[in-house]
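J.: Contents of structure34.txt (compact mmCIF, C-alpha atoms) are given next:
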```txt
# COMPACT_ATOMS: atom_id res chain seq x y z
CA MET A 160 0.00 0.00 0.00
CA ALA A 161 1.38 3.33 -1.10
CA GLU A 162 1.00 5.53 1.98
CA ILE A 163 1.55 9.24 1.65
CA GLU A 164 3.93 10.12 4.45
CA ALA A 165 2.45 13.51 5.30
CA ILE A 166 -1.02 11.99 5.64
CA ALA A 167 0.27 9.01 7.63
CA LYS A 168 2.06 11.37 10.02
CA LEU A 169 -1.06 13.50 10.44
CA VAL A 170 -3.26 10.46 11.14
CA ASN A 171 -0.67 9.19 13.59
CA GLN A 172 -0.50 12.50 15.47
CA LEU A 173 -4.28 12.93 15.61
CA SER A 174 -4.82 9.39 16.87
CA LYS A 175 -2.76 10.26 19.96
CA LEU A 176 -5.49 12.66 21.13
CA PRO A 177 -7.83 11.37 23.83
CA GLY A 178 -10.96 9.72 22.45
CA VAL A 179 -9.61 9.77 18.90
CA GLY A 180 -9.17 6.29 17.42
CA ARG A 181 -7.63 5.30 14.09
CA LYS A 182 -10.85 5.77 12.11
CA THR A 183 -11.67 9.15 13.62
CA ALA A 184 -8.09 10.30 13.07
CA GLN A 185 -8.38 9.36 9.41
CA ARG A 186 -11.68 11.18 9.06
CA LEU A 187 -10.19 14.28 10.71
CA ALA A 188 -7.05 14.09 8.55
CA TYR A 189 -9.02 14.01 5.29
CA HIS A 190 -11.19 16.84 6.57
CA ILE A 191 -8.11 18.93 7.37
CA ILE A 192 -6.47 18.25 4.01
CA ALA A 193 -9.62 19.40 2.21
CA LEU A 194 -9.74 22.71 4.16
CA PRO A 195 -8.41 25.98 2.69
CA GLU A 196 -4.75 26.44 3.62
CA GLU A 197 -5.47 29.58 5.64
CA GLN A 198 -7.86 27.67 7.92
CA VAL A 199 -5.35 24.88 8.45
CA ARG A 200 -2.69 27.45 9.32
CA GLU A 201 -5.03 28.96 11.92
CA LEU A 202 -5.67 25.54 13.47
CA ALA A 203 -1.97 24.64 13.61
CA VAL A 204 -1.03 28.05 15.03
CA ALA A 205 -3.81 27.88 17.63
CA ILE A 206 -2.52 24.50 18.78
CA PHE A 207 1.10 25.61 18.91
CA ASN A 208 0.38 28.96 20.58
CA GLY A 209 -2.14 27.36 22.93
CA LYS A 210 0.80 25.44 24.33
CA LYS A 211 3.59 27.97 23.81
CA GLN A 212 1.92 31.05 25.30
CA ILE A 213 0.38 29.30 28.28
CA HIS A 214 2.17 28.72 31.58
CA PHE A 215 1.14 28.50 35.22
CA CYS A 216 0.27 31.71 37.09
CA PRO A 217 2.91 32.08 39.84
CA VAL A 218 0.17 33.11 42.28
CA CYS A 219 -2.82 30.83 41.73
CA GLY A 220 -1.32 28.09 39.53
CA ASN A 221 -3.95 28.42 36.81
CA TYR A 222 -3.06 28.52 33.12
CA THR A 223 -2.22 32.05 32.01
CA ASP A 224 -0.58 34.10 29.29
CA THR A 225 0.23 36.99 31.66
CA ASP A 226 2.00 37.28 35.07
CA PRO A 227 0.05 37.16 37.29
CA CYS A 228 -3.03 35.82 35.53
CA ALA A 229 -6.04 37.92 34.47
CA ILE A 230 -8.06 36.68 37.45
CA CYS A 231 -5.38 37.33 40.10
CA SER A 232 -4.76 40.83 38.74
CA ASP A 233 -8.41 41.81 38.24
CA PRO A 234 -9.27 44.69 40.64
CA GLU A 235 -12.99 44.07 40.03
CA ARG A 236 -12.82 40.68 41.74
CA ARG A 237 -12.94 40.04 45.47
CA HIS A 238 -9.45 39.39 46.76
CA ASP A 239 -10.62 38.17 50.19
CA ILE A 240 -11.98 34.81 49.03
CA VAL A 241 -10.06 31.94 47.42
CA CYS A 242 -11.57 28.90 45.76
CA VAL A 243 -9.29 25.85 45.93
CA VAL A 244 -9.56 23.42 43.00
CA ARG A 245 -7.61 20.45 41.68
CA ASP A 246 -7.11 21.39 38.03
CA PRO A 247 -7.07 24.40 35.70
CA ARG A 248 -10.10 22.89 33.98
CA ASP A 249 -11.98 23.15 37.28
CA VAL A 250 -11.31 26.91 37.28
CA ASN A 251 -12.84 26.92 33.83
CA ALA A 252 -15.92 25.08 35.13
CA MET A 253 -16.31 27.52 38.05
CA GLU A 254 -15.98 30.51 35.71
CA ARG A 255 -18.66 29.14 33.42
CA MET A 256 -21.02 29.31 36.42
CA ARG A 257 -20.62 33.13 36.36
CA ASP A 258 -21.56 33.36 40.03
CA TYR A 259 -18.15 33.42 41.69
CA ASN A 260 -16.16 36.61 41.76
CA GLY A 261 -13.18 35.76 43.95
CA LEU A 262 -9.73 34.29 43.38
CA TYR A 263 -8.57 30.71 42.80
CA HIS A 264 -5.87 28.38 43.97
CA VAL A 265 -5.08 25.41 41.75
CA LEU A 266 -3.57 22.46 43.64
CA HIS A 267 -2.52 20.53 40.53
CA GLY A 268 -3.59 17.27 42.07
CA VAL A 269 -5.15 15.85 45.21
CA ILE A 270 -3.72 13.89 48.09
CA SER A 271 -3.77 10.23 47.09
CA PRO A 272 -1.60 7.83 49.12
CA MET A 273 -2.51 5.04 46.68
CA ASP A 274 -0.83 6.98 43.88
CA GLY A 275 2.01 8.16 46.08
CA VAL A 276 0.77 11.77 46.11
CA GLY A 277 1.25 13.42 49.50
CA PRO A 278 0.47 16.95 50.76
CA ASP A 279 3.92 18.18 49.67
CA ASP A 280 3.35 17.06 46.08
CA ILE A 281 0.48 19.48 45.45
CA ARG A 282 0.38 23.27 45.88
CA ILE A 283 -0.70 23.34 49.54
CA ARG A 284 2.44 25.15 50.74
CA GLU A 285 1.79 27.90 48.19
CA LEU A 286 -1.77 28.21 49.50
CA MET A 287 -0.55 28.61 53.08
CA SER A 288 1.87 31.34 52.08
CA ARG A 289 -0.92 33.21 50.25
CA LEU A 290 -3.00 33.05 53.45
CA SER A 291 -0.16 34.44 55.57
CA SER A 292 -0.65 37.89 54.02
CA GLY A 293 -3.90 38.18 55.99
CA GLU A 294 -5.94 39.52 53.05
CA ILE A 295 -7.87 36.29 52.49
CA GLN A 296 -10.95 35.89 54.74
CA GLU A 297 -12.48 32.72 53.28
CA VAL A 298 -11.16 29.58 51.61
CA VAL A 299 -13.73 27.61 49.59
CA LEU A 300 -12.60 24.01 49.14
CA ALA A 301 -13.90 22.93 45.72
CA THR A 302 -12.03 19.68 45.15
CA ASN A 303 -14.10 16.90 43.60
CA PRO A 304 -16.54 15.08 45.93
CA ASP A 305 -14.68 11.77 45.62
CA VAL A 306 -12.47 10.01 48.17
CA GLU A 307 -9.25 11.89 47.35
CA GLY A 308 -11.02 15.21 46.96
CA GLU A 309 -12.71 14.87 50.35
CA ALA A 310 -9.49 13.77 52.01
CA THR A 311 -7.63 16.72 50.50
CA ALA A 312 -10.35 19.14 51.63
CA ALA A 313 -10.27 17.70 55.16
CA TYR A 314 -6.49 17.95 55.28
CA ILE A 315 -6.39 21.57 54.11
CA SER A 316 -9.25 22.47 56.45
CA ARG A 317 -7.32 21.16 59.47
CA LEU A 318 -4.29 23.23 58.42
CA ILE A 319 -6.15 26.48 57.87
CA LYS A 320 -8.67 26.55 60.74
CA PRO A 321 -6.11 27.38 63.45
CA MET A 322 -5.23 30.51 61.43
CA GLY A 323 -8.70 31.92 62.04
CA VAL A 324 -9.62 31.89 58.36
CA LYS A 325 -13.14 30.79 57.43
CA VAL A 326 -13.04 27.47 55.57
CA THR A 327 -16.00 26.26 53.52
CA ARG A 328 -16.68 23.25 51.35
CA ILE A 329 -18.89 23.30 48.25
CA ALA A 330 -22.17 21.50 48.95
CA HIS A 331 -22.93 18.02 47.75
CA GLY A 332 -25.05 19.42 44.98
CA VAL A 333 -22.31 18.09 42.78
CA PRO A 334 -23.18 14.43 42.22
CA VAL A 335 -21.07 12.24 44.51
CA GLY A 336 -18.35 10.57 42.47
CA GLY A 337 -18.83 13.13 39.71
CA GLU A 338 -16.34 15.59 38.30
CA LEU A 339 -16.54 19.37 38.35
CA GLU A 340 -15.49 19.54 34.75
CA TYR A 341 -18.60 17.74 33.57
CA THR A 342 -21.06 19.38 35.95
CA ASP A 343 -23.70 21.67 34.48
CA GLU A 344 -23.71 25.34 35.53
CA VAL A 345 -26.91 25.19 37.61
CA THR A 346 -25.75 22.24 39.72
CA LEU A 347 -22.43 23.95 40.19
CA MET A 348 -24.13 27.18 41.26
CA ARG A 349 -26.27 25.29 43.79
CA ALA A 350 -23.19 23.58 45.11
CA PHE A 351 -21.42 26.90 45.47
CA GLN A 352 -24.33 28.68 47.12
CA GLY A 353 -24.89 25.79 49.52
CA ARG A 354 -21.26 25.73 50.69
CA THR A 355 -20.93 25.06 54.39
CA GLU A 356 -18.31 26.01 56.91
CA LEU A 357 -16.01 23.18 57.92
CA MET B 102 -15.37 35.53 32.98
CA ALA B 103 -11.66 35.90 32.43
CA GLU B 104 -10.99 33.87 29.30
CA ILE B 105 -7.43 33.20 28.28
CA GLU B 106 -7.28 34.18 24.64
CA ALA B 107 -4.86 31.48 23.51
CA ILE B 108 -7.04 28.77 25.09
CA ALA B 109 -10.26 30.29 23.74
CA LYS B 110 -8.74 30.39 20.25
CA LEU B 111 -7.61 26.78 20.53
CA VAL B 112 -11.04 25.60 21.71
CA ASN B 113 -12.65 27.60 18.92
CA GLN B 114 -10.40 26.09 16.26
CA LEU B 115 -10.82 22.52 17.53
CA SER B 116 -14.60 22.83 17.71
CA LYS B 117 -14.63 23.47 13.94
CA LEU B 118 -13.49 19.89 13.31
CA PRO B 119 -16.19 17.41 12.28
CA GLY B 120 -17.74 15.57 15.22
CA VAL B 121 -16.01 17.81 17.75
CA GLY B 122 -18.45 19.79 19.90
CA ARG B 123 -17.70 22.49 22.46
CA LYS B 124 -17.12 20.05 25.34
CA THR B 125 -14.86 17.75 23.34
CA ALA B 126 -12.92 20.75 22.02
CA GLN B 127 -12.34 21.92 25.60
CA ARG B 128 -11.22 18.46 26.68
CA LEU B 129 -8.81 18.26 23.72
CA ALA B 130 -7.51 21.79 24.38
CA TYR B 131 -6.63 21.06 28.00
CA HIS B 132 -5.06 17.78 26.94
CA ILE B 133 -2.90 19.60 24.37
CA ILE B 134 -1.84 22.31 26.82
CA ALA B 135 -0.73 19.67 29.31
CA LEU B 136 1.43 17.87 26.70
CA PRO B 137 5.21 18.41 26.45
CA GLU B 138 5.98 21.25 24.04
CA GLU B 139 7.82 18.96 21.63
CA GLN B 140 4.73 16.76 21.18
CA VAL B 141 2.53 19.78 20.56
CA ARG B 142 5.00 21.04 17.96
CA GLU B 143 4.85 17.66 16.20
CA LEU B 144 1.06 17.76 16.15
CA ALA B 145 0.92 21.32 14.80
CA VAL B 146 3.58 20.61 12.18
CA ALA B 147 1.83 17.39 11.09
CA ILE B 148 -1.40 19.32 10.60
CA PHE B 149 0.25 22.15 8.70
CA ASN B 150 2.43 19.91 6.52
CA GLY B 151 -0.43 17.48 6.00
CA LYS B 152 -2.15 20.33 4.20
CA LYS B 153 0.86 22.13 2.74
CA GLN B 154 2.66 19.16 1.20
CA ILE B 155 -0.45 17.48 -0.20
CA HIS B 156 -1.98 18.32 -3.55
CA PHE B 157 -3.86 16.43 -6.24
CA CYS B 158 -1.94 14.08 -8.50
CA PRO B 159 -2.17 15.57 -12.02
CA VAL B 160 -2.78 12.07 -13.43
CA CYS B 161 -5.21 10.27 -11.09
CA GLY B 162 -6.49 13.13 -8.90
CA ASN B 163 -5.62 11.40 -5.63
CA TYR B 164 -3.82 13.23 -2.81
CA THR B 165 -0.07 13.14 -3.26
CA ASP B 166 3.19 14.73 -2.16
CA THR B 167 4.99 13.84 -5.43
CA ASP B 168 4.21 14.38 -9.16
CA PRO B 169 2.81 12.04 -10.28
CA CYS B 170 1.71 10.20 -7.16
CA ALA B 171 3.38 7.10 -5.73
CA ILE B 172 0.68 4.84 -7.17
CA CYS B 173 0.73 6.31 -10.69
CA SER B 174 4.53 6.12 -10.82
CA ASP B 175 4.87 2.63 -9.30
CA PRO B 176 6.34 0.28 -11.96
CA GLU B 177 5.29 -2.74 -9.86
CA ARG B 178 1.61 -1.94 -10.35
CA ARG B 179 -0.46 -2.87 -13.38
CA HIS B 180 -0.88 0.13 -15.65
CA ASP B 181 -3.56 -1.46 -17.83
CA ILE B 182 -6.40 -1.31 -15.27
CA VAL B 183 -7.94 1.80 -13.67
CA CYS B 184 -10.32 1.86 -10.73
CA VAL B 185 -12.65 4.88 -10.78
CA VAL B 186 -13.72 6.21 -7.37
CA ARG B 187 -15.43 9.30 -6.05
CA ASP B 188 -13.04 10.47 -3.30
CA PRO B 189 -9.41 10.17 -2.23
CA ARG B 190 -10.70 8.36 0.89
CA ASP B 191 -12.16 5.69 -1.40
CA VAL B 192 -8.65 5.07 -2.77
CA ASN B 193 -7.61 4.64 0.83
CA ALA B 194 -10.38 2.07 1.40
CA MET B 195 -9.42 0.14 -1.75
CA GLU B 196 -5.75 0.13 -0.75
CA ARG B 197 -6.61 -1.22 2.70
CA MET B 198 -8.13 -4.22 0.89
CA ARG B 199 -4.59 -5.07 -0.36
CA ASP B 200 -6.01 -7.01 -3.31
CA TYR B 201 -5.94 -4.40 -6.05
CA ASN B 202 -2.72 -3.67 -7.86
CA GLY B 203 -3.77 -1.31 -10.64
CA LEU B 204 -4.16 2.45 -10.99
CA TYR B 205 -6.89 4.82 -9.82
CA HIS B 206 -8.90 7.70 -11.14
CA VAL B 207 -10.53 10.00 -8.58
CA LEU B 208 -13.61 11.80 -9.90
CA HIS B 209 -13.89 14.26 -6.99
CA GLY B 210 -17.64 13.91 -6.92
CA VAL B 211 -20.47 12.10 -8.66
CA ILE B 212 -23.07 13.29 -11.13
CA SER B 213 -25.96 14.70 -9.12
CA PRO B 214 -28.47 16.91 -10.98
CA MET B 215 -30.19 17.68 -7.67
CA ASP B 216 -27.00 19.31 -6.41
CA GLY B 217 -26.23 20.90 -9.77
CA VAL B 218 -23.27 18.57 -10.43
CA GLY B 219 -23.03 17.56 -14.08
CA PRO B 220 -20.53 15.35 -15.97
CA ASP B 221 -18.30 18.37 -16.69
CA ASP B 222 -17.98 19.19 -12.97
CA ILE B 223 -16.16 15.96 -12.11
CA ARG B 224 -12.99 14.52 -13.61
CA ILE B 225 -14.59 12.52 -16.41
CA ARG B 226 -12.83 14.44 -19.20
CA GLU B 227 -9.48 13.65 -17.57
CA LEU B 228 -10.44 9.96 -17.48
CA MET B 229 -11.27 9.97 -21.19
CA SER B 230 -7.93 11.56 -22.06
CA ARG B 231 -6.10 8.92 -19.99
CA LEU B 232 -7.94 6.21 -21.95
CA SER B 233 -6.96 7.75 -25.31
CA SER B 234 -3.36 6.62 -24.82
CA GLY B 235 -4.54 3.04 -25.42
CA GLU B 236 -2.58 1.58 -22.50
CA ILE B 237 -5.65 0.99 -20.29
CA GLN B 238 -7.52 -2.26 -20.98
CA GLU B 239 -10.08 -2.23 -18.15
CA VAL B 240 -11.95 0.42 -16.20
CA VAL B 241 -13.45 -0.72 -12.88
CA LEU B 242 -16.26 1.59 -11.79
CA ALA B 243 -16.16 1.68 -7.99
CA THR B 244 -18.45 4.59 -7.18
CA ASN B 245 -20.78 4.01 -4.23
CA PRO B 246 -23.86 1.84 -4.84
CA ASP B 247 -26.28 4.72 -4.25
CA VAL B 248 -28.41 6.63 -6.78
CA GLU B 249 -25.71 9.15 -7.78
CA GLY B 250 -22.96 6.53 -7.80
CA GLU B 251 -24.97 4.21 -10.03
CA ALA B 252 -25.93 7.04 -12.39
CA THR B 253 -22.31 8.15 -12.63
CA ALA B 254 -21.15 4.60 -13.32
CA ALA B 255 -23.81 4.18 -16.01
CA TYR B 256 -22.85 7.49 -17.63
CA ILE B 257 -19.13 6.71 -17.73
CA SER B 258 -19.84 3.19 -18.95
CA ARG B 259 -21.80 4.56 -21.94
CA LEU B 260 -18.93 6.89 -22.79
CA ILE B 261 -16.19 4.29 -22.61
CA LYS B 262 -17.78 1.21 -24.19
CA PRO B 263 -17.61 2.50 -27.78
CA MET B 264 -13.83 2.85 -27.31
CA GLY B 265 -13.52 -0.92 -26.98
CA VAL B 266 -12.24 -0.75 -23.41
CA LYS B 267 -13.57 -3.33 -20.92
CA VAL B 268 -15.80 -1.66 -18.31
CA THR B 269 -16.68 -3.45 -15.05
CA ARG B 270 -18.62 -2.49 -11.93
CA ILE B 271 -17.77 -3.68 -8.41
CA ALA B 272 -20.23 -6.33 -7.24
CA HIS B 273 -23.08 -5.57 -4.90
CA GLY B 274 -23.99 -8.16 -2.34
CA VAL B 275 -24.36 -9.21 1.23
CA PRO B 276 -21.47 -7.75 3.29
CA VAL B 277 -19.04 -10.39 4.54
CA GLY B 278 -20.00 -11.22 8.09
CA GLY B 279 -23.48 -9.82 7.51
CA GLU B 280 -26.72 -11.75 7.89
CA LEU B 281 -29.27 -12.44 5.17
CA GLU B 282 -32.08 -11.81 7.62
CA TYR B 283 -31.01 -8.22 8.15
CA THR B 284 -30.07 -7.44 4.55
CA ASP B 285 -32.38 -5.10 2.68
CA GLU B 286 -34.27 -6.48 -0.35
CA VAL B 287 -32.42 -4.47 -2.96
CA THR B 288 -29.01 -5.62 -1.75
CA LEU B 289 -30.26 -9.18 -1.55
CA MET B 290 -31.60 -8.98 -5.06
CA ARG B 291 -28.24 -7.70 -6.29
CA ALA B 292 -26.48 -10.47 -4.40
CA PHE B 293 -28.72 -13.06 -6.02
CA GLN B 294 -28.35 -11.62 -9.50
CA GLY B 295 -24.60 -11.43 -9.09
CA ARG B 296 -24.28 -15.05 -7.96
CA THR B 297 -21.22 -16.82 -9.35
CA GLU B 298 -20.65 -20.44 -10.16
CA LEU B 299 -18.56 -22.31 -7.61
```
Here is the file; what I need is its structure written in the form of structure tokens.

T.:
Amino acid sequence: MAEIEAIAKLVNQLSKLPGVGRKTAQRLAYHIIALPEEQVRELAVAIFNGKKQIHFCPVCGNYTDTDPCAICSDPERRHDIVCVVRDPRDVNAMERMRDYNGLYHVLHGVISPMDGVGPDDIRIRELMSRLSSGEIQEVVLATNPDVEGEATAAYISRLIKPMGVKVTRIAHGVPVGGELEYTDEVTLMRAFQGRTEL
Amino acid sequence: MAEIEAIAKLVNQLSKLPGVGRKTAQRLAYHIIALPEEQVRELAVAIFNGKKQIHFCPVCGNYTDTDPCAICSDPERRHDIVCVVRDPRDVNAMERMRDYNGLYHVLHGVISPMDGVGPDDIRIRELMSRLSSGEIQEVVLATNPDVEGEATAAYISRLIKPMGVKVTRIAHGVPVGGELEYTDEVTLMRAFQGRTEL
């Protein structure tokens, strides 16, 4: 079979994406090849820049293209409340809700002894140092409502409480065992509004 | 909502791909951002080159990165038989079969009066000029077995026959692994009519 190398490479690269099998990769490849060159350039540039221009905000740990990120440096937002999440995509989910106007802290993981992830492996130390400035009045723990998420929330809660900072946990409006990323906006809003002090 | 422009652009570009909705585009975008930069570069380059390096073979009309394409210029293949298909992806399907060793001719469409596509809008003229060299002994019509595909095959067949070139049509029948019980009547009729002596 006479394979065209450029097509084979494209199919190969696309099939590495999550949820994209061989057949889908082939369908996507033929679609891309049939597009006008300008559109393909835009796609390729968006992919490359999406990676190249994005890094972690030194303050909150979210993806950003500025230092600090647009959320951390926004004077319109409340700087006395911090929402703690596992992943950048959870920040995205919270922002879609359009009901939260404070800051974030991305842990980049949760405590999971089974996977060898301890408190020092995620951004808990950075959270504590943010709290030491005294500006933050409330910490909302918005890790996923699964075993590791609950354990991480409990751990952080025990650390923060002695500092006299209010600690809350998003309500179990989020389906137990579910993921923030796939939660609809209304459920997420309910969960946020129903947050309780720990 | 503080959107990061580079991520928004990436999600926007990905969601233009066929079968990729907003949610999938977001999942892919976050996956891409989390990849090592080298892998992202490879993906972007594969997409861009996949488009840039590929054009239509001036002889058969298939996608190629050389002139003429690897199939047309392969001395190991039979140059006296041409398989006529609608799309480059049909060439791909035929090649996967690994049983055909001749040349191709890609029409880039089928005759479809409903869509305003006439014989002059697809590469029929180019096929006729290939046949005029006298080298081709058989033309296999492998357009899809739907209304437009059949009409196109019939049209081309009428054009070619007077030239004394053998014209064949791929067989219609029950798909291998399929069941008679669930085969539609028309297919079954074709399968019966096309029965061969064992």

J.: Could you give the RMSD, in Å, left over when chain A is least-squares superposed onto chain B across all Cα atoms paired sequentially?

T.: 5.5 Å

J.: Kindly indicate which residue among A:Leu347, A:Leu339, A:Ile281, A:Val179 lies nearest to A:Arg248, using all atoms listed in the file for the distances.

T.: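 Using all atoms listed in the file, the shortest distance to A:Arg248 belongs to A:Leu339.
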
J.: Please tabulate, as a tab-separated table, the residues of chain A that come within 6 Å of chain B, each with its closest pair of atoms and the distance in Å to one decimal, counting all atoms listed in the file and ordering rows by chain, then residue number upward.

T.:
```
residue	atom	partner	partner_atom	distance
A:Met160	CA	B:Glu196	CA	5.8
A:Ala165	CA	B:Gly151	CA	5.0
A:Ile166	CA	B:Gly151	CA	5.5
A:Leu169	CA	B:Ala147	CA	4.9
A:Gln172	CA	B:Leu144	CA	5.5
A:Ile192	CA	B:Lys152	CA	4.8
A:Leu202	CA	B:Gln114	CA	5.5
A:Ala203	CA	B:Ala145	CA	4.6
A:Ala205	CA	B:Leu111	CA	4.9
A:Ile206	CA	B:Leu111	CA	5.8
A:Phe207	CA	B:Ala145	CA	5.9
A:Gly209	CA	B:Ala107	CA	5.0
A:Lys210	CA	B:Ile134	CA	4.8
A:Glu254	CA	B:Met102	CA	5.7
```

J.: Applying 8 Å and all atoms listed in the file, which residues near B:Glu239 remain after dropping the ones on its own chain fewer than 3 positions away? List them as a PyMOL selection string.

T.: chain B and resi 181-183+266-269

J.: How many Å lie between atom CA of A:Val243 and atom CA of A:Tyr263, rounded to one decimal?

T.: 5.8 Å

J.: Need the neighbours of (-27.4, -9.8, -1.4): which residues are at most 9 Å away, counting only C-alpha atoms, as number ranges by chain?

T.: B: 273-276, 281, 284-296

J.: Would you mind exporting the chosen residues as a short mmCIF file (atom, residue, chain, number, x, y, z; two decimals), in the frame of the given file, restricted to C-alpha atoms?

T.:
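File produced: out_39.cif:
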```
data_model
loop_
_atom_site.label_atom_id
_atom_site.label_comp_id
_atom_site.auth_asym_id
_atom_site.auth_seq_id
_atom_site.Cartn_x
_atom_site.Cartn_y
_atom_site.Cartn_z
CA HIS B 273 -23.08 -5.57 -4.90
CA GLY B 274 -23.99 -8.16 -2.34
CA VAL B 275 -24.36 -9.21 1.23
CA PRO B 276 -21.47 -7.75 3.29
CA LEU B 281 -29.27 -12.44 5.17
CA THR B 284 -30.07 -7.44 4.55
CA ASP B 285 -32.38 -5.10 2.68
CA GLU B 286 -34.27 -6.48 -0.35
CA VAL B 287 -32.42 -4.47 -2.96
CA THR B 288 -29.01 -5.62 -1.75
CA LEU B 289 -30.26 -9.18 -1.55
CA MET B 290 -31.60 -8.98 -5.06
CA ARG B 291 -28.24 -7.70 -6.29
CA ALA B 292 -26.48 -10.47 -4.40
CA PHE B 293 -28.72 -13.06 -6.02
CA GLN B 294 -28.35 -11.62 -9.50
CA GLY B 295 -24.60 -11.43 -9.09
CA ARG B 296 -24.28 -15.05 -7.96
#
```

J.: Between atom CA of A:Met287 and atom CA of A:Ser271, measure the distance and give it in Å to one decimal.

T.: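 One can read the atom CA of A:Met287 to atom CA of A:Ser271 distance as 19.6 Å.
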
J.: Could you give me, as a PyMOL selection string, the residues within 8 Å of B:Cys161, counting only C-alpha atoms and dropping anything in the same chain fewer than 4 positions from it?

T.: chain B and resi 157+170+173+204-207

J.: One number please: atom CA of A:Gly220 to atom CA of A:Glu285, in Å, one decimal.

T.: 9.2 Å

J.: Taking all atoms of stretch 336-348 of chain A that appear in the file, build a box with edges along x, y and z, extend it by 5 Å on every side, and state its centre and edge lengths in Å to one decimal, as JSON.

T.:
```
{"center_x": -21.2, "center_y": 18.9, "center_z": 38.0, "size_x": 21.4, "size_y": 26.6, "size_z": 18.9}
```

J.: Using only C-alpha atoms, which protein or nucleic acid residues come within 8 Å of B:Thr253? Drop anything in the same chain fewer than 4 positions from it, and give the result as a PyMOL selection string.

T.: chain B and resi 211-212+244+249+257

J.: Taking into account all atoms listed in the file, which residue in the set A:Arg245, A:Leu290, A:Pro234, A:Asp226 is nearest to A:Pro321?

T.: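 Using all atoms listed in the file, A:Pro321 sits closest to A:Leu290.
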
J.: Just need stretch 226-253 of chain B in a file, please: C-alpha atoms, as a PDB file, in the first residue's frame.

T.:
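Below is the file that was written, result_34.pdb:
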```
ATOM      1  CA  ARG B 226     -12.828  14.438 -19.200  1.00  0.00           C
ATOM      2  CA  GLU B 227      -9.476  13.654 -17.568  1.00  0.00           C
ATOM      3  CA  LEU B 228     -10.438   9.957 -17.480  1.00  0.00           C
ATOM      4  CA  MET B 229     -11.271   9.971 -21.187  1.00  0.00           C
ATOM      5  CA  SER B 230      -7.931  11.558 -22.062  1.00  0.00           C
ATOM      6  CA  ARG B 231      -6.100   8.917 -19.989  1.00  0.00           C
ATOM      7  CA  LEU B 232      -7.939   6.209 -21.951  1.00  0.00           C
ATOM      8  CA  SER B 233      -6.962   7.747 -25.307  1.00  0.00           C
ATOM      9  CA  SER B 234      -3.360   6.623 -24.815  1.00  0.00           C
ATOM     10  CA  GLY B 235      -4.543   3.044 -25.416  1.00  0.00           C
ATOM     11  CA  GLU B 236      -2.582   1.577 -22.504  1.00  0.00           C
ATOM     12  CA  ILE B 237      -5.646   0.991 -20.286  1.00  0.00           C
ATOM     13  CA  GLN B 238      -7.520  -2.261 -20.977  1.00  0.00           C
ATOM     14  CA  GLU B 239     -10.076  -2.227 -18.153  1.00  0.00           C
ATOM     15  CA  VAL B 240     -11.953   0.420 -16.205  1.00  0.00           C
ATOM     16  CA  VAL B 241     -13.454  -0.721 -12.885  1.00  0.00           C
ATOM     17  CA  LEU B 242     -16.256   1.587 -11.792  1.00  0.00           C
ATOM     18  CA  ALA B 243     -16.159   1.685  -7.990  1.00  0.00           C
ATOM     19  CA  THR B 244     -18.452   4.592  -7.179  1.00  0.00           C
ATOM     20  CA  ASN B 245     -20.785   4.012  -4.232  1.00  0.00           C
ATOM     21  CA  PRO B 246     -23.858   1.838  -4.838  1.00  0.00           C
ATOM     22  CA  ASP B 247     -26.281   4.724  -4.247  1.00  0.00           C
ATOM     23  CA  VAL B 248     -28.410   6.628  -6.777  1.00  0.00           C
ATOM     24  CA  GLU B 249     -25.715   9.146  -7.777  1.00  0.00           C
ATOM     25  CA  GLY B 250     -22.956   6.525  -7.797  1.00  0.00           C
ATOM     26  CA  GLU B 251     -24.972   4.207 -10.033  1.00  0.00           C
ATOM     27  CA  ALA B 252     -25.931   7.040 -12.387  1.00  0.00           C
ATOM     28  CA  THR B 253     -22.312   8.155 -12.634  1.00  0.00           C
TER      29      THR B 253
END
```
